Amino acid sequence: MNLSHVILYAIVPIIVVMLAGYISGKKGIFTGDDAKKFNKVVLDYALPAALFVSIVQASREMLVRDIKLTVVSTVGIMACFMAVYFVFRYCFKKNTGADAAVSALISGSPTIGFLGFAVLEPIFGTSPSVALVVAIVGIVVNAIGIPVGLSLMNASLEKQQPGSTKKESAWKPVLHALAQPVAWAPILAVVWVVIGIPWPKWASPSFDLISKANASMAVFSAGITLSAIHFTLNWQAILGSIMKMVMMPAVILVLGLLFKMDPENLKMLVVAGALPPAFSGIIIADEYDTYVATGTSSLTLSVLLFVGFCPLWLWLTDFAIKAF
């Protein structure tokens, strides 16, 4: 893998577009509320369209081959998610269970929905395999990680202030996550491929037009979001960034080698694991007014560190694949 190609075609464009969003936010051209609207366009329209139209062009053989991808993604991401939770819950005495849950939602979840295609396509090209990685990681983060995080948070808040949270079914967050277009669109596409329905080529342009807005709008919106964040560096923010940038891709790499994953899929998955924290964690932190300052600082630091860690993990993964 040519590292100069990765930097020029994957990292630099993200920095430029994110910087444009950041400057527009600082100048007041766009606000945090505008960023939320842009995010809604990405998550409810552009990203689902990109995932669906890419996956339906895959084959059954490709899906069977990617079962290892599903297993490694689920085990690797959720193992790191729970590791972050326990470290921040029991290693920092001042943290509550709710603080630790927000830490896990941030430092234990990659922002695959916003940066997945923007990072992976310039490096690995436009293919169904890229879409499958984005889709599978996205489903793990949204349909498993967020419900688990919310359950841990609500349990802690209820323990601190009995009666402060509503008693809800444990399945409600899961069903809510699966009801989002970003979750059911790729699932529908997988079912389409498994059934064996041919996908007409003339139908793709209708999805392509909105899907092309996915990466650029997501990155621009991320810049606006960062412009509204008050950055304060502390040891918890640094530790969260290290666990996100180092622990998650390392765990995924080891699991991928043990499961003898397809090398190309493994490289994509490691890069996906090295992506900055999920912005959804910050949204949840802000909604519950829990761990906002440290969480947003960890997110900001991780975005900056990703510039160096992305090419580093690509190099390490290539080295590990050749060695083992």
# chains A, B, ... in the order shown; residues from 1 in each chain; ligands from 1
call {"tool": "residues_around", "arguments": {"residues": "A:Leu258", "least_positions_apart": "6", "cutoff": "10 Å", "atoms": "only C-alpha atoms", "output": "PDB file with N, CA and C atoms, in the first residue's frame"}}
result
ATOM      1  N   VAL A  72     -15.686 -11.203  13.435  1.00  0.00           N
ATOM      2  CA  VAL A  72     -14.563 -10.418  13.952  1.00  0.00           C
ATOM      3  C   VAL A  72     -15.009  -9.003  14.314  1.00  0.00           C
ATOM      4  N   ILE A 252      -8.787  -5.998  16.611  1.00  0.00           N
ATOM      5  CA  ILE A 252      -9.361  -6.463  15.343  1.00  0.00           C
ATOM      6  C   ILE A 252      -8.304  -7.161  14.498  1.00  0.00           C
ATOM      7  N   PHE A 324       2.460 -13.504   9.074  1.00  0.00           N
ATOM      8  CA  PHE A 324       1.691 -14.656   9.540  1.00  0.00           C
ATOM      9  C   PHE A 324       0.934 -15.360   8.421  1.00  0.00           C
TER      10      PHE A 324
END
call {"tool": "residues_around", "arguments": {"residues": "A:Ser280", "least_positions_apart": "2", "cutoff": "12 Å", "atoms": "only C-alpha atoms", "output": "ChimeraX atom specification"}}
result
/A:36,39-40,43,102-114,138,141-142,145-147,149-150,177,222,225,276-278,282-287,295-296,299
call {"tool": "residues_around", "arguments": {"residues": "A:Phe207", "least_positions_apart": "6", "cutoff": "9 Å", "atoms": "only C-alpha atoms", "output": "MDAnalysis selection string"}}
result
chainID A and resid 46 49:50 52:53
call {"tool": "select_by_dssp", "arguments": {"residues": "stretch 188-275 of chain A", "states": "helix (DSSP H, G or I)", "output": "PyMOL selection string"}}
result
chain A and resi 188-195+201-211+213-227+235-258+263-273
call {"tool": "residues_around", "arguments": {"residues": "A:Phe306", "least_positions_apart": "6", "cutoff": "8 Å", "atoms": "only C-alpha atoms", "output": "ChimeraX atom specification"}}
result
/A:245,274-276
call {"tool": "write_last_selection", "arguments": {"atoms": "C-alpha atoms", "output": "PDB file, in the first residue's frame"}}
result
ATOM      1  CA  MET A 245      -6.724   4.635  18.174  1.00  0.00           C
ATOM      2  CA  ALA A 274      -8.996   3.032  13.809  1.00  0.00           C
ATOM      3  CA  LEU A 275     -11.587   5.633  12.783  1.00  0.00           C
ATOM      4  CA  PRO A 276     -12.257   8.443  15.299  1.00  0.00           C
TER       5      PRO A 276
END
call {"tool": "residues_around", "arguments": {"residues": "A:Leu301", "least_positions_apart": "3", "cutoff": "10 Å", "atoms": "only C-alpha atoms", "output": "PyMOL selection string"}}
result
chain A and resi 231-233+237-238+240-242+276-277+296-298+304-306
call {"tool": "write_last_selection", "arguments": {"atoms": "C-alpha atoms", "output": "PDB file, in the first residue's frame"}}
result
ATOM      1  CA  PHE A 231     -11.684  21.478  23.940  1.00  0.00           C
ATOM      2  CA  THR A 232     -10.098  20.803  27.351  1.00  0.00           C
ATOM      3  CA  LEU A 233      -7.318  18.219  27.491  1.00  0.00           C
ATOM      4  CA  ALA A 237      -9.483  12.310  27.215  1.00  0.00           C
ATOM      5  CA  ILE A 238      -5.953  11.136  26.362  1.00  0.00           C
ATOM      6  CA  GLY A 240      -9.899   7.429  25.655  1.00  0.00           C
ATOM      7  CA  SER A 241      -8.108   8.481  22.473  1.00  0.00           C
ATOM      8  CA  ILE A 242      -5.340   5.910  22.996  1.00  0.00           C
ATOM      9  CA  PRO A 276     -12.257   8.443  15.299  1.00  0.00           C
ATOM     10  CA  PRO A 277     -15.020   7.937  17.895  1.00  0.00           C
ATOM     11  CA  THR A 296     -15.863  15.854  23.268  1.00  0.00           C
ATOM     12  CA  SER A 297     -12.193  16.496  24.024  1.00  0.00           C
ATOM     13  CA  SER A 298     -11.401  12.826  23.458  1.00  0.00           C
ATOM     14  CA  LEU A 304      -6.248  14.773  15.032  1.00  0.00           C
ATOM     15  CA  LEU A 305      -4.447  11.515  15.856  1.00  0.00           C
ATOM     16  CA  PHE A 306      -6.204   9.647  13.033  1.00  0.00           C
TER      17      PHE A 306
END
call {"tool": "atom_distance", "arguments": {"atom1": "atom CA of A:Cys91", "atom2": "atom CA of A:Phe309"}}
result
25.8 Å
call {"tool": "closest_atom_pairs", "arguments": {"of": "stretch 205-295 of chain A", "to": "stretch 20-33 of chain A", "cutoff": "12 Å", "atoms": "only C-alpha atoms", "output": "CSV"}}
result
residue,atom,partner,partner_atom,distance
A:Ser216,CA,A:Gly21,CA,10.3
A:Met217,CA,A:Gly21,CA,9.4
A:Ala218,CA,A:Gly21,CA,9.9
A:Val219,CA,A:Gly21,CA,7.8
A:Phe220,CA,A:Gly21,CA,4.6
A:Ser221,CA,A:Gly21,CA,6.2
A:Ala222,CA,A:Gly21,CA,7.2
A:Gly223,CA,A:Tyr22,CA,4.2
A:Ile224,CA,A:Tyr22,CA,4.7
A:Thr225,CA,A:Gly32,CA,5.8
A:Leu226,CA,A:Tyr22,CA,6.4
A:Ser227,CA,A:Tyr22,CA,5.0
A:Ala228,CA,A:Gly32,CA,6.4
A:Ile229,CA,A:Gly32,CA,9.4
A:His230,CA,A:Lys26,CA,11.8
A:Ile283,CA,A:Gly32,CA,10.9
A:Asp286,CA,A:Gly32,CA,12.0
call {"tool": "write_last_selection", "arguments": {"atoms": "all heavy atoms", "output": "compact mmCIF listing (two decimals), in the first residue's frame"}}
result
# COMPACT_ATOMS: atom_id res chain seq x y z
N SER A 216 -18.92 13.69 1.61
CA SER A 216 -18.61 15.11 1.69
C SER A 216 -19.45 15.82 2.74
O SER A 216 -18.95 16.61 3.55
CB SER A 216 -18.80 15.78 0.32
OG SER A 216 -20.12 15.55 -0.16
N MET A 217 -20.76 15.53 2.76
CA MET A 217 -21.64 16.18 3.74
C MET A 217 -21.33 15.72 5.16
O MET A 217 -21.37 16.52 6.10
CB MET A 217 -23.11 15.89 3.40
CG MET A 217 -24.10 16.60 4.30
SD MET A 217 -25.81 16.45 3.77
CE MET A 217 -25.81 17.54 2.34
N ALA A 218 -21.01 14.44 5.32
CA ALA A 218 -20.70 13.92 6.65
C ALA A 218 -19.44 14.56 7.21
O ALA A 218 -19.40 14.96 8.38
CB ALA A 218 -20.53 12.41 6.58
N VAL A 219 -18.39 14.68 6.39
CA VAL A 219 -17.14 15.26 6.85
C VAL A 219 -17.29 16.76 7.13
O VAL A 219 -16.79 17.28 8.13
CB VAL A 219 -16.02 15.03 5.81
CG1 VAL A 219 -14.74 15.73 6.22
CG2 VAL A 219 -15.76 13.53 5.65
N PHE A 220 -18.02 17.45 6.24
CA PHE A 220 -18.27 18.89 6.44
C PHE A 220 -19.04 19.12 7.74
O PHE A 220 -18.73 20.01 8.52
CB PHE A 220 -19.06 19.45 5.25
CG PHE A 220 -19.24 20.94 5.28
CD1 PHE A 220 -18.23 21.78 4.82
CD2 PHE A 220 -20.41 21.51 5.75
CE1 PHE A 220 -18.39 23.17 4.85
CE2 PHE A 220 -20.58 22.88 5.78
CZ PHE A 220 -19.57 23.72 5.33
N SER A 221 -20.05 18.29 7.98
CA SER A 221 -20.85 18.38 9.20
C SER A 221 -20.01 18.10 10.44
O SER A 221 -20.19 18.73 11.48
CB SER A 221 -22.02 17.39 9.13
OG SER A 221 -22.77 17.39 10.32
N ALA A 222 -19.07 17.14 10.32
CA ALA A 222 -18.18 16.83 11.44
C ALA A 222 -17.34 18.06 11.81
O ALA A 222 -17.11 18.32 13.00
CB ALA A 222 -17.28 15.66 11.08
N GLY A 223 -16.90 18.81 10.81
CA GLY A 223 -16.14 20.04 11.07
C GLY A 223 -16.96 21.07 11.82
O GLY A 223 -16.47 21.73 12.74
N ILE A 224 -18.25 21.21 11.43
CA ILE A 224 -19.14 22.14 12.13
C ILE A 224 -19.31 21.71 13.58
O ILE A 224 -19.28 22.53 14.50
CB ILE A 224 -20.51 22.21 11.43
CG1 ILE A 224 -20.37 22.72 10.00
CG2 ILE A 224 -21.46 23.13 12.20
CD1 ILE A 224 -21.65 22.65 9.19
N THR A 225 -19.50 20.40 13.78
CA THR A 225 -19.68 19.87 15.13
C THR A 225 -18.46 20.15 16.00
O THR A 225 -18.58 20.58 17.15
CB THR A 225 -19.93 18.35 15.09
OG1 THR A 225 -21.10 18.08 14.30
CG2 THR A 225 -20.14 17.78 16.48
N LEU A 226 -17.27 19.94 15.44
CA LEU A 226 -16.04 20.19 16.20
C LEU A 226 -15.88 21.67 16.55
O LEU A 226 -15.31 22.01 17.59
CB LEU A 226 -14.82 19.71 15.41
CG LEU A 226 -14.67 18.19 15.25
CD1 LEU A 226 -13.47 17.86 14.38
CD2 LEU A 226 -14.53 17.52 16.61
N SER A 227 -16.39 22.56 15.68
CA SER A 227 -16.27 24.00 15.94
C SER A 227 -17.08 24.42 17.16
O SER A 227 -16.80 25.45 17.78
CB SER A 227 -16.72 24.80 14.71
OG SER A 227 -18.12 24.73 14.55
N ALA A 228 -18.11 23.63 17.48
CA ALA A 228 -18.98 23.96 18.62
C ALA A 228 -18.52 23.30 19.91
O ALA A 228 -19.13 23.49 20.96
CB ALA A 228 -20.42 23.54 18.31
N ILE A 229 -17.43 22.53 19.85
CA ILE A 229 -16.94 21.79 21.01
C ILE A 229 -15.89 22.59 21.76
O ILE A 229 -14.97 23.16 21.16
CB ILE A 229 -16.36 20.43 20.57
CG1 ILE A 229 -17.47 19.49 20.09
CG2 ILE A 229 -15.58 19.78 21.72
CD1 ILE A 229 -16.96 18.21 19.49
N HIS A 230 -16.03 22.65 23.07
CA HIS A 230 -15.02 23.30 23.92
C HIS A 230 -13.96 22.27 24.28
O HIS A 230 -14.23 21.31 24.99
CB HIS A 230 -15.67 23.88 25.19
CG HIS A 230 -14.68 24.54 26.10
ND1 HIS A 230 -13.97 25.66 25.74
CD2 HIS A 230 -14.28 24.23 27.37
CE1 HIS A 230 -13.17 26.02 26.73
NE2 HIS A 230 -13.35 25.16 27.73
N ILE A 283 -23.63 13.05 20.94
CA ILE A 283 -25.04 13.47 20.92
C ILE A 283 -25.77 12.93 22.15
O ILE A 283 -26.53 13.65 22.80
CB ILE A 283 -25.72 12.96 19.63
CG1 ILE A 283 -25.09 13.64 18.41
CG2 ILE A 283 -27.23 13.22 19.67
CD1 ILE A 283 -25.53 13.06 17.08
N ASP A 286 -24.58 14.76 25.32
CA ASP A 286 -25.19 16.08 25.41
C ASP A 286 -26.66 15.98 25.84
O ASP A 286 -27.15 16.78 26.63
CB ASP A 286 -25.07 16.80 24.07
CG ASP A 286 -25.53 18.24 24.14
OD1 ASP A 286 -24.98 19.00 24.96
OD2 ASP A 286 -26.45 18.61 23.39
call {"tool": "closest_residue", "arguments": {"among": "A:Leu175, A:Leu209, A:Ala58, A:Ala135", "to": "A:Trp192", "atoms": "only C-alpha atoms"}}
result
A:Ala58
call {"tool": "residues_around", "arguments": {"residues": "stretch 265-271 of chain A", "least_positions_apart": "6", "cutoff": "9 Å", "atoms": "only C-alpha atoms", "output": "PyMOL selection string"}}
result
chain A and resi 66+69+72-73+119-120+123-124+129-130+133-134+137+248-253+256-257+309-311+313-314+317-318
call {"tool": "atom_distance", "arguments": {"atom1": "atom CA of A:Ser127", "atom2": "atom CA of A:Ala179"}}
result
25.7 Å
call {"tool": "atom_distance", "arguments": {"atom1": "atom CA of A:Ile144", "atom2": "atom CA of A:Ala131"}}
result
19.0 Å
call {"tool": "closest_residue", "arguments": {"among": "A:Val16, A:Met62, A:Val246, A:Ala320", "to": "A:Pro263", "atoms": "only C-alpha atoms"}}
result
A:Ala320
